[in-house]
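Enquirer: Dropping in work33.txt, with compact mmCIF, C-alpha atoms.
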```txt
# COMPACT_ATOMS: atom_id res chain seq x y z
CA MET L 1022 -18.35 -109.85 -13.53
CA ASN L 1023 -18.22 -107.63 -10.43
CA ARG L 1024 -20.75 -109.11 -7.97
CA GLU L 1025 -20.64 -106.01 -5.82
CA ALA L 1026 -21.18 -103.50 -8.63
CA LEU L 1027 -23.16 -100.49 -7.46
CA SER L 1028 -26.36 -98.87 -8.74
CA ASP L 1029 -26.08 -95.40 -10.22
CA LYS L 1030 -28.04 -93.75 -7.37
CA ARG L 1031 -25.90 -95.33 -4.66
CA LEU L 1032 -22.67 -94.43 -6.45
CA ALA L 1033 -23.96 -90.89 -7.08
CA ALA L 1034 -24.60 -90.33 -3.35
CA TRP L 1035 -21.19 -91.75 -2.50
CA LEU L 1036 -19.51 -89.49 -5.06
CA PHE L 1037 -21.31 -86.38 -3.80
CA ALA L 1038 -20.22 -87.00 -0.20
CA ALA L 1039 -16.67 -87.81 -1.36
CA ILE L 1040 -16.05 -85.00 -3.84
CA THR L 1041 -18.03 -81.97 -2.68
CA PRO L 1042 -16.34 -81.12 0.67
CA PRO L 1043 -12.74 -81.64 -0.60
CA ALA L 1044 -13.52 -79.71 -3.81
CA ILE L 1045 -14.98 -76.80 -1.86
CA GLN L 1046 -11.93 -76.79 0.40
CA LEU L 1047 -9.52 -76.81 -2.54
CA ILE L 1048 -11.36 -74.27 -4.68
CA GLY L 1049 -10.64 -71.57 -2.05
CA GLY L 1050 -9.99 -68.22 -3.65
CA ALA L 1051 -10.25 -69.30 -7.27
CA SER L 1052 -12.15 -66.99 -9.62
CA TRP L 1053 -15.78 -68.05 -9.95
CA VAL L 1054 -15.38 -67.78 -13.74
CA TRP L 1055 -12.48 -70.27 -13.63
CA THR L 1056 -14.48 -72.49 -11.30
CA LEU L 1057 -17.47 -72.41 -13.66
CA ALA L 1058 -15.29 -73.34 -16.64
CA VAL L 1059 -13.58 -76.21 -14.80
CA THR L 1060 -16.74 -77.69 -13.28
CA ALA L 1061 -18.61 -77.46 -16.61
CA GLY L 1062 -15.69 -79.00 -18.53
CA CYS L 1063 -15.28 -81.87 -16.06
CA LEU L 1064 -19.02 -82.53 -16.00
CA PHE L 1065 -19.10 -82.67 -19.80
CA ALA L 1066 -16.14 -85.08 -19.81
CA CYS L 1067 -17.83 -87.33 -17.23
CA LEU L 1068 -21.10 -87.45 -19.16
CA LEU L 1069 -19.23 -88.08 -22.40
CA CYS L 1070 -17.33 -91.03 -20.96
CA LEU L 1071 -20.43 -92.47 -19.32
CA GLY L 1072 -22.32 -92.31 -22.58
CA TRP L 1073 -19.66 -93.25 -25.13
CA GLY L 1074 -16.49 -94.38 -23.40
CA LYS L 1075 -15.29 -97.96 -23.13
CA GLN L 1076 -12.98 -99.10 -20.36
CA PRO L 1077 -9.81 -100.69 -21.77
CA ARG L 1078 -8.93 -104.03 -20.21
CA GLY L 1079 -5.76 -105.98 -19.56
CA ARG L 1080 -3.25 -106.56 -16.78
CA ILE L 1081 -0.96 -103.68 -17.80
CA VAL L 1082 -3.91 -101.31 -18.04
CA SER L 1083 -5.11 -102.37 -14.60
CA ILE L 1084 -1.66 -101.71 -13.12
CA LEU L 1085 -1.61 -98.23 -14.65
CA TYR L 1086 -5.10 -97.48 -13.34
CA TRP L 1087 -4.13 -98.71 -9.87
CA LEU L 1088 -1.03 -96.48 -9.90
CA THR L 1089 -3.08 -93.50 -11.10
CA THR L 1090 -5.53 -93.90 -8.24
CA LEU L 1091 -2.69 -94.34 -5.77
CA CYS L 1092 -0.81 -91.23 -6.94
CA LEU L 1093 -3.95 -89.12 -6.74
CA MET L 1094 -4.86 -90.44 -3.31
CA GLY L 1095 -1.31 -89.99 -1.98
CA THR L 1096 -1.23 -86.37 -3.17
CA LEU L 1097 -4.67 -85.47 -1.85
CA ALA L 1098 -4.13 -87.14 1.55
CA GLY L 1099 -1.89 -84.30 2.69
CA GLU L 1100 -4.66 -81.78 2.04
CA THR L 1101 -6.76 -83.34 4.80
CA MET L 1102 -4.61 -81.61 7.41
CA ASN L 1103 -6.24 -78.30 6.44
CA SER L 1104 -9.66 -79.53 7.50
CA TRP L 1105 -8.98 -78.46 11.08
CA GLN L 1106 -7.27 -75.07 11.17
CA THR L 1107 -6.48 -75.22 14.87
CA GLY L 1108 -4.76 -78.60 14.82
CA ALA L 1109 -3.18 -79.42 11.47
CA HIS L 1110 -1.13 -82.53 12.12
CA VAL L 1111 0.10 -85.45 10.03
CA ALA L 1112 -1.94 -87.76 12.26
CA VAL L 1113 -5.13 -86.50 10.58
CA PRO L 1114 -4.50 -88.08 7.14
CA LEU L 1115 -3.04 -91.21 8.70
CA VAL L 1116 -6.11 -91.78 10.86
CA LEU L 1117 -8.42 -91.06 7.93
CA LEU L 1118 -6.50 -93.49 5.73
CA ALA L 1119 -6.74 -96.20 8.39
CA LEU L 1120 -10.49 -95.67 8.81
CA ALA L 1121 -11.00 -95.55 5.05
CA ALA L 1122 -9.06 -98.80 4.63
CA TRP L 1123 -11.21 -100.45 7.30
CA SER L 1124 -14.32 -99.34 5.40
CA ALA L 1125 -12.99 -100.35 1.96
CA LEU L 1126 -11.94 -103.80 3.19
CA LYS L 1127 -15.59 -104.57 3.94
CA GLY L 1128 -16.35 -104.38 0.23
CA PRO L 1129 -17.82 -101.81 -2.19
CA SER L 1130 -21.41 -102.31 -1.01
CA ALA L 1131 -20.62 -101.72 2.65
CA ALA L 1132 -18.38 -98.72 1.90
CA ALA L 1133 -21.05 -97.25 -0.37
CA ARG L 1134 -23.66 -97.55 2.41
CA VAL L 1135 -21.46 -95.43 4.66
CA GLY L 1136 -21.06 -92.92 1.84
CA CYS L 1137 -24.84 -92.76 1.37
CA VAL L 1138 -25.34 -92.00 5.06
CA LEU L 1139 -22.70 -89.24 4.96
CA PHE L 1140 -24.37 -87.84 1.83
CA TRP L 1141 -27.26 -86.53 3.91
CA PHE L 1142 -24.93 -85.08 6.55
CA VAL L 1143 -22.81 -83.26 3.94
CA LEU L 1144 -25.87 -82.07 2.00
CA GLY L 1145 -27.55 -80.64 5.10
CA ILE L 1146 -24.46 -78.88 6.45
CA TYR L 1147 -23.56 -77.15 3.20
CA LEU L 1148 -27.14 -76.10 2.47
CA LEU L 1149 -27.22 -74.55 5.95
CA VAL L 1150 -23.97 -72.68 5.34
CA PHE L 1151 -25.04 -71.53 1.88
CA GLY L 1152 -28.29 -70.18 3.30
CA ALA L 1153 -26.39 -68.19 5.93
CA GLY L 1154 -23.66 -66.99 3.57
CA ILE L 1155 -25.68 -65.90 0.57
CA ARG L 1156 -27.25 -63.08 2.60
CA GLU L 1157 -23.83 -61.52 3.22
CA VAL L 1158 -22.57 -61.62 -0.36
CA ARG L 1159 -21.52 -58.25 -1.77
CA PRO L 1160 -22.28 -58.10 -5.51
CA MET L 1161 -19.39 -55.70 -6.18
CA TRP L 1162 -16.92 -58.45 -5.18
CA LEU L 1163 -18.31 -60.83 -7.78
CA ARG L 1164 -16.82 -59.01 -10.74
CA PRO L 1165 -14.53 -61.36 -12.68
CA ALA L 1166 -11.03 -61.14 -11.20
CA LYS L 1167 -7.88 -63.22 -11.23
CA GLY L 1168 -7.56 -65.70 -8.41
CA THR L 1169 -5.71 -68.86 -7.48
CA GLU L 1170 -5.91 -71.88 -9.78
CA PRO L 1171 -5.99 -75.11 -7.75
CA TRP L 1172 -5.31 -77.65 -10.50
CA LEU L 1173 -5.96 -80.57 -8.14
CA ILE L 1174 -9.64 -79.75 -8.50
CA ILE L 1175 -9.61 -81.19 -12.04
CA PRO L 1176 -8.67 -84.80 -11.20
CA LEU L 1177 -10.97 -84.57 -8.19
CA LEU L 1178 -13.94 -83.55 -10.36
CA LEU L 1179 -13.02 -86.24 -12.90
CA THR L 1180 -13.30 -88.94 -10.22
CA PRO L 1181 -16.75 -90.05 -11.50
CA VAL L 1182 -14.99 -91.22 -14.68
CA GLY L 1183 -12.38 -93.11 -12.67
CA VAL L 1184 -15.00 -95.02 -10.67
CA ILE L 1185 -17.08 -96.18 -13.67
CA PRO L 1186 -15.72 -99.75 -13.17
CA LEU L 1187 -17.62 -99.84 -9.84
CA LEU L 1188 -20.90 -99.17 -11.66
CA LYS L 1189 -23.23 -101.93 -12.81
CA GLU L 1190 -22.53 -102.78 -16.44
CA LYS L 1191 -26.08 -102.12 -17.62
CA GLU L 1192 -26.20 -98.67 -15.99
CA ARG L 1193 -24.25 -96.15 -18.06
CA ARG L 1194 -25.16 -93.10 -16.01
CA ILE L 1195 -24.61 -91.61 -12.57
CA THR L 1196 -27.65 -89.71 -11.37
CA GLY L 1197 -27.19 -86.20 -10.00
CA LEU L 1198 -23.62 -85.46 -11.10
CA PRO L 1199 -24.45 -81.78 -11.90
CA LEU L 1200 -25.28 -81.30 -8.20
CA ILE L 1201 -21.58 -81.58 -7.34
CA GLY L 1202 -20.66 -78.82 -9.78
CA ILE L 1203 -23.50 -76.61 -8.56
CA PHE L 1204 -22.38 -76.90 -4.93
CA VAL L 1205 -18.73 -76.20 -5.79
CA LEU L 1206 -19.62 -73.16 -7.91
CA LEU L 1207 -22.04 -71.83 -5.29
CA ALA L 1208 -19.37 -72.22 -2.59
CA SER L 1209 -16.88 -70.30 -4.75
CA VAL L 1210 -19.33 -67.45 -5.39
CA ILE L 1211 -20.32 -67.12 -1.72
CA THR L 1212 -16.69 -67.26 -0.54
CA LEU L 1213 -15.61 -64.51 -2.93
CA GLY L 1214 -18.71 -62.44 -2.22
CA VAL L 1215 -18.23 -62.53 1.54
CA LEU L 1216 -14.43 -62.33 1.88
CA SER L 1217 -13.59 -60.39 -1.34
CA PRO L 1218 -11.42 -61.85 -4.13
CA MET L 1219 -8.19 -60.40 -2.71
CA VAL L 1220 -8.68 -61.86 0.77
CA ALA L 1221 -9.92 -65.21 -0.56
CA ALA L 1222 -6.98 -65.57 -2.94
CA ASN L 1223 -4.51 -65.11 -0.08
CA THR L 1224 -6.27 -67.32 2.48
CA ASP L 1225 -5.77 -71.05 2.93
CA ASN L 1226 -9.10 -72.85 2.94
CA ALA L 1227 -10.98 -69.64 2.23
CA PHE L 1228 -14.41 -71.27 2.54
CA TYR L 1229 -13.63 -72.29 6.12
CA GLU L 1230 -12.49 -68.75 6.96
CA MET L 1231 -15.65 -67.36 5.42
CA THR L 1232 -17.81 -69.43 7.75
CA ARG L 1233 -16.16 -67.85 10.80
CA SER L 1234 -18.15 -64.66 10.26
CA LEU L 1235 -21.52 -66.19 9.44
CA SER L 1236 -24.57 -66.54 11.67
CA ILE L 1237 -27.51 -68.93 11.52
CA LEU L 1238 -30.97 -67.59 12.39
CA GLU L 1239 -29.25 -64.44 13.70
CA THR L 1240 -28.05 -66.25 16.82
CA ALA L 1241 -25.57 -69.06 16.25
CA ARG L 1242 -22.15 -67.83 15.18
CA ARG L 1243 -18.74 -69.35 14.52
CA PHE L 1244 -19.95 -72.77 13.40
CA GLU L 1245 -16.71 -73.51 11.58
CA ALA L 1246 -16.26 -76.65 13.70
CA VAL L 1247 -19.29 -78.11 11.93
CA ILE L 1248 -17.70 -77.30 8.56
CA SER L 1249 -14.48 -78.97 9.70
CA ALA L 1250 -16.48 -82.07 10.57
CA ALA L 1251 -18.15 -82.02 7.14
CA MET L 1252 -14.78 -81.61 5.38
CA THR L 1253 -13.30 -84.45 7.41
CA ALA L 1254 -16.27 -86.67 6.55
CA GLY L 1255 -15.74 -85.80 2.89
CA TRP L 1256 -12.04 -86.66 2.94
CA PHE L 1257 -12.76 -89.96 4.68
CA THR L 1258 -15.40 -90.82 2.08
CA LEU L 1259 -13.04 -89.88 -0.76
CA MET L 1260 -10.22 -92.02 0.65
CA SER L 1261 -12.56 -95.00 1.07
CA LEU L 1262 -13.74 -94.53 -2.51
CA TYR L 1263 -10.19 -94.45 -3.88
CA LEU L 1264 -9.13 -97.44 -1.79
CA THR L 1265 -12.17 -99.37 -2.99
CA LEU L 1266 -11.06 -98.53 -6.53
CA CYS L 1267 -7.54 -99.71 -5.68
CA GLY L 1268 -9.05 -102.98 -4.54
CA HIS L 1269 -10.96 -103.32 -7.79
CA TRP L 1270 -7.88 -102.84 -9.95
CA ALA L 1271 -5.83 -105.17 -7.74
CA GLU L 1272 -8.50 -107.82 -8.30
CA GLU L 1273 -8.18 -107.25 -12.06
CA ILE L 1274 -4.40 -107.58 -11.83
CA LYS L 1275 -4.56 -110.78 -9.81
CA PRO L 1276 -7.80 -112.56 -8.83
CA GLY L 1277 -8.12 -112.55 -5.05
CA GLY L 1278 -5.81 -109.54 -4.68
CA ARG L 1279 -8.46 -107.01 -3.63
CA LYS L 1280 -7.53 -106.82 0.05
CA THR L 1281 -3.82 -106.76 -0.76
CA GLY L 1282 -4.38 -103.85 -3.16
CA ILE L 1283 -6.28 -101.90 -0.51
CA VAL L 1284 -3.70 -102.48 2.24
CA LEU L 1285 -0.78 -101.72 -0.06
CA GLY L 1286 -2.51 -98.58 -1.30
CA THR L 1287 -3.07 -97.43 2.28
CA VAL L 1288 0.55 -98.04 3.29
CA VAL L 1289 2.02 -96.31 0.23
CA SER L 1290 -0.29 -93.29 0.64
CA GLY L 1291 0.66 -93.06 4.32
CA VAL L 1292 4.38 -93.13 3.46
CA LEU L 1293 3.91 -90.44 0.80
CA THR L 1294 2.11 -88.28 3.35
CA LEU L 1295 4.75 -88.78 6.05
CA CYS L 1296 7.54 -87.92 3.58
CA ASP L 1297 5.55 -84.93 2.27
CA LEU L 1298 5.85 -86.24 -1.29
CA HIS L 1299 3.26 -85.22 -3.83
CA ILE L 1300 2.76 -84.78 -7.56
CA ASP L 1301 2.11 -81.33 -9.00
CA GLY L 1302 -1.60 -80.71 -9.54
CA ARG L 1303 -1.09 -79.72 -13.19
CA ILE L 1304 0.58 -83.04 -13.92
CA LEU L 1305 -2.23 -84.98 -12.26
CA ALA L 1306 -4.81 -82.88 -14.11
CA VAL L 1307 -3.25 -83.70 -17.48
CA TRP L 1308 -2.62 -87.37 -16.60
CA THR L 1309 -6.16 -88.08 -15.38
CA THR L 1310 -7.68 -86.21 -18.33
CA VAL L 1311 -5.65 -88.29 -20.79
CA PHE L 1312 -5.94 -91.61 -18.96
CA TRP L 1313 -9.47 -91.41 -17.52
CA VAL L 1314 -11.18 -89.42 -20.29
CA ALA L 1315 -9.28 -89.66 -23.58
CA THR L 1316 -8.29 -93.34 -23.37
CA PRO L 1317 -11.84 -94.76 -22.96
CA LEU L 1318 -13.12 -92.55 -25.79
CA ILE L 1319 -10.27 -93.55 -28.11
CA THR L 1320 -10.77 -97.23 -27.22
CA GLN L 1321 -14.45 -96.98 -28.09
CA GLY L 1322 -13.58 -95.35 -31.42
CA ILE L 1323 -11.08 -98.09 -32.30
CA ASP L 1324 -13.59 -100.83 -31.42
CA LYS L 1325 -16.24 -99.24 -33.67
CA GLN L 1326 -13.77 -99.13 -36.57
CA LYS L 1327 -12.92 -102.84 -36.09
CA LYS L 1328 -16.59 -103.84 -36.06
CA SER L 1329 -17.30 -101.87 -39.23
```
So, in terms of structure tokens, how does the structure I just supplied come out?
Expert:
Amino acid sequence: MNREALSDKRLAAWLFAAITPPAIQLIGGASWVWTLAVTAGCLFACLLCLGWGKQPRGRIVSILYWLTTLCLMGTLAGETMNSWQTGAHVAVPLVLLALAAWSALKGPSAAARVGCVLFWFVLGIYLLVFGAGIREVRPMWLRPAKGTEPWLIIPLLLTPVGVIPLLKEKERRITGLPLIGIFVLLASVITLGVLSPMVAANTDNAFYEMTRSLSILETARRFEAVISAAMTAGWFTLMSLYLTLCGHWAEEIKPGGRKTGIVLGTVVSGVLTLCDLHIDGRILAVWTTVFWVATPLITQGIDKQKKS
């Protein structure tokens, strides 16, 4: 039994702080219709697995889950360089990985407490930006149009399924998951409505660029540095969450291997980032959907047939 299993409210706050800023950064110029479909589909999959899925167990399964988490983390780590448009450098993901490892090594409870603190920071910043941006949305730019399709958003939004092993066994829910989807969809709508679909589709980190033209209370302008800080906080929280998960699966593979799993995961992710190696987002989307969503549901179905 996991002595440091987390309550649903604590894990929900951690997930919001970890997923929302990276998802908003990645969603960029995607069509709001595509964003709505993806967020709704991922939310349904998460709720389905929380309610009816059963985590398969075994050493081989744990190795595969550890590798899945590592591949996703190694691919996403490179995206952190886009958090700061004026100074994209490989040092950014490496520093974030080191800080995330330091947090994860303290244990799930300690890492979750940091995530809960950052939840309020992320929530406040994005509500502030949404309030400033929604006034400048042009309805004519919200007509359904083709945009980019960032497939990495799918495994990112399916992360709540991947972290179910960190949840207390008796709690088969994660409070407030729809809030993540609402924030991502709202960010997509405001970005398209302010920049226009054409500009957003051809702009890296379109949400960040959108904030450059906003004002707060008609006086403060160009507060994109605050958004960069929020995105950086989100990436750090996401890396600490994935490394904590790596530690969990390493403990399942070999009792007492939690710290080794975290350190090894950090080193491998850093090497992947330095070598600019990554897995195509479509492959990760399919793999996490099959492994995180389909496998627990199939396992539950097989167990029910055996009992009957």
Enquirer: Return as CSV the residues of region 1279-1299 of chain L lying at most 8 Å from region 1250-1264 of chain L, together with the closest atom-to-atom pair for each and the distance in Å to one decimal, counting all atoms listed in the file, with rows in chain order and ascending residue number.
Expert:
```
residue,atom,partner,partner_atom,distance
L:Ile1283,CA,L:Leu1264,CA,5.4
L:Gly1286,CA,L:Leu1264,CA,6.7
L:Thr1287,CA,L:Leu1264,CA,7.3
```
Enquirer: Taking into account all atoms listed in the file, which residue in the set L:Asp1297, L:Cys1070, L:Arg1303, L:Trp1308 is nearest to Gly1095 (chain L)?
Expert: L:Asp1297
Enquirer: Tell me, in Å to one decimal, how far CA of Val1138 (chain L) is from CA of Trp1035 (chain L).
Expert: 8.6 Å
Enquirer: Using all atoms listed in the file, which residue out of L:Thr1294, L:Thr1310, L:Gln1046, L:Ser1028 lies closest to Ala1112 (chain L)?
Expert: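 For Ala1112 (chain L), the nearest of the given residues is L:Thr1294.
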Enquirer: Determine the axis-aligned bounding box of all atoms of region 1308-1320 of chain L present in the file, pad each side by 3 Å, and express its centre and edge lengths in Å to one decimal place as JSON.
Expert:
```
{"center_x": -7.9, "center_y": -91.7, "center_z": -21.7, "size_x": 16.5, "size_y": 17.0, "size_z": 18.7}
```
Enquirer: Residues at most 9 Å from region 1314-1316 of chain L, counting all atoms listed in the file, excluding those fewer than 5 positions away in the same chain, as a PyMOL selection string?
Expert: chain L and resi 1066-1067+1069-1070+1074-1077+1179+1182-1183+1309+1321
Enquirer: Tell me, counting only C-alpha atoms, for each residue of region 1035-1107 of chain L within 10 Å of region 1198-1217 of chain L, which pair of atoms is nearest and how far apart they are in Å to one decimal, in rows ordered by chain and increasing number, as CSV.
Expert:
```
residue,atom,partner,partner_atom,distance
L:Leu1036,CA,L:Leu1198,CA,8.3
L:Phe1037,CA,L:Ile1201,CA,6.0
L:Ala1038,CA,L:Ile1201,CA,9.1
L:Ala1039,CA,L:Ile1201,CA,9.9
L:Ile1040,CA,L:Ile1201,CA,7.4
L:Thr1041,CA,L:Ile1201,CA,5.9
L:Pro1042,CA,L:Val1205,CA,8.5
L:Pro1043,CA,L:Val1205,CA,9.6
L:Ala1044,CA,L:Val1205,CA,6.6
L:Ile1045,CA,L:Val1205,CA,5.5
L:Gln1046,CA,L:Val1205,CA,9.2
L:Leu1047,CA,L:Val1205,CA,9.8
L:Ile1048,CA,L:Ser1209,CA,6.8
L:Gly1049,CA,L:Ser1209,CA,6.9
L:Gly1050,CA,L:Leu1213,CA,6.8
L:Ala1051,CA,L:Ser1209,CA,7.2
L:Ser1052,CA,L:Ser1209,CA,7.6
L:Trp1053,CA,L:Ser1209,CA,5.8
L:Val1054,CA,L:Leu1206,CA,9.0
L:Trp1055,CA,L:Leu1206,CA,9.6
L:Thr1056,CA,L:Leu1206,CA,6.2
L:Leu1057,CA,L:Leu1206,CA,6.2
L:Ala1058,CA,L:Leu1206,CA,9.7
L:Val1059,CA,L:Gly1202,CA,9.1
L:Thr1060,CA,L:Gly1202,CA,5.4
L:Ala1061,CA,L:Gly1202,CA,7.3
L:Cys1063,CA,L:Gly1202,CA,8.8
L:Leu1064,CA,L:Pro1199,CA,6.8
L:Phe1065,CA,L:Pro1199,CA,9.6
L:Cys1067,CA,L:Leu1198,CA,8.6
L:Leu1068,CA,L:Leu1198,CA,8.7
```
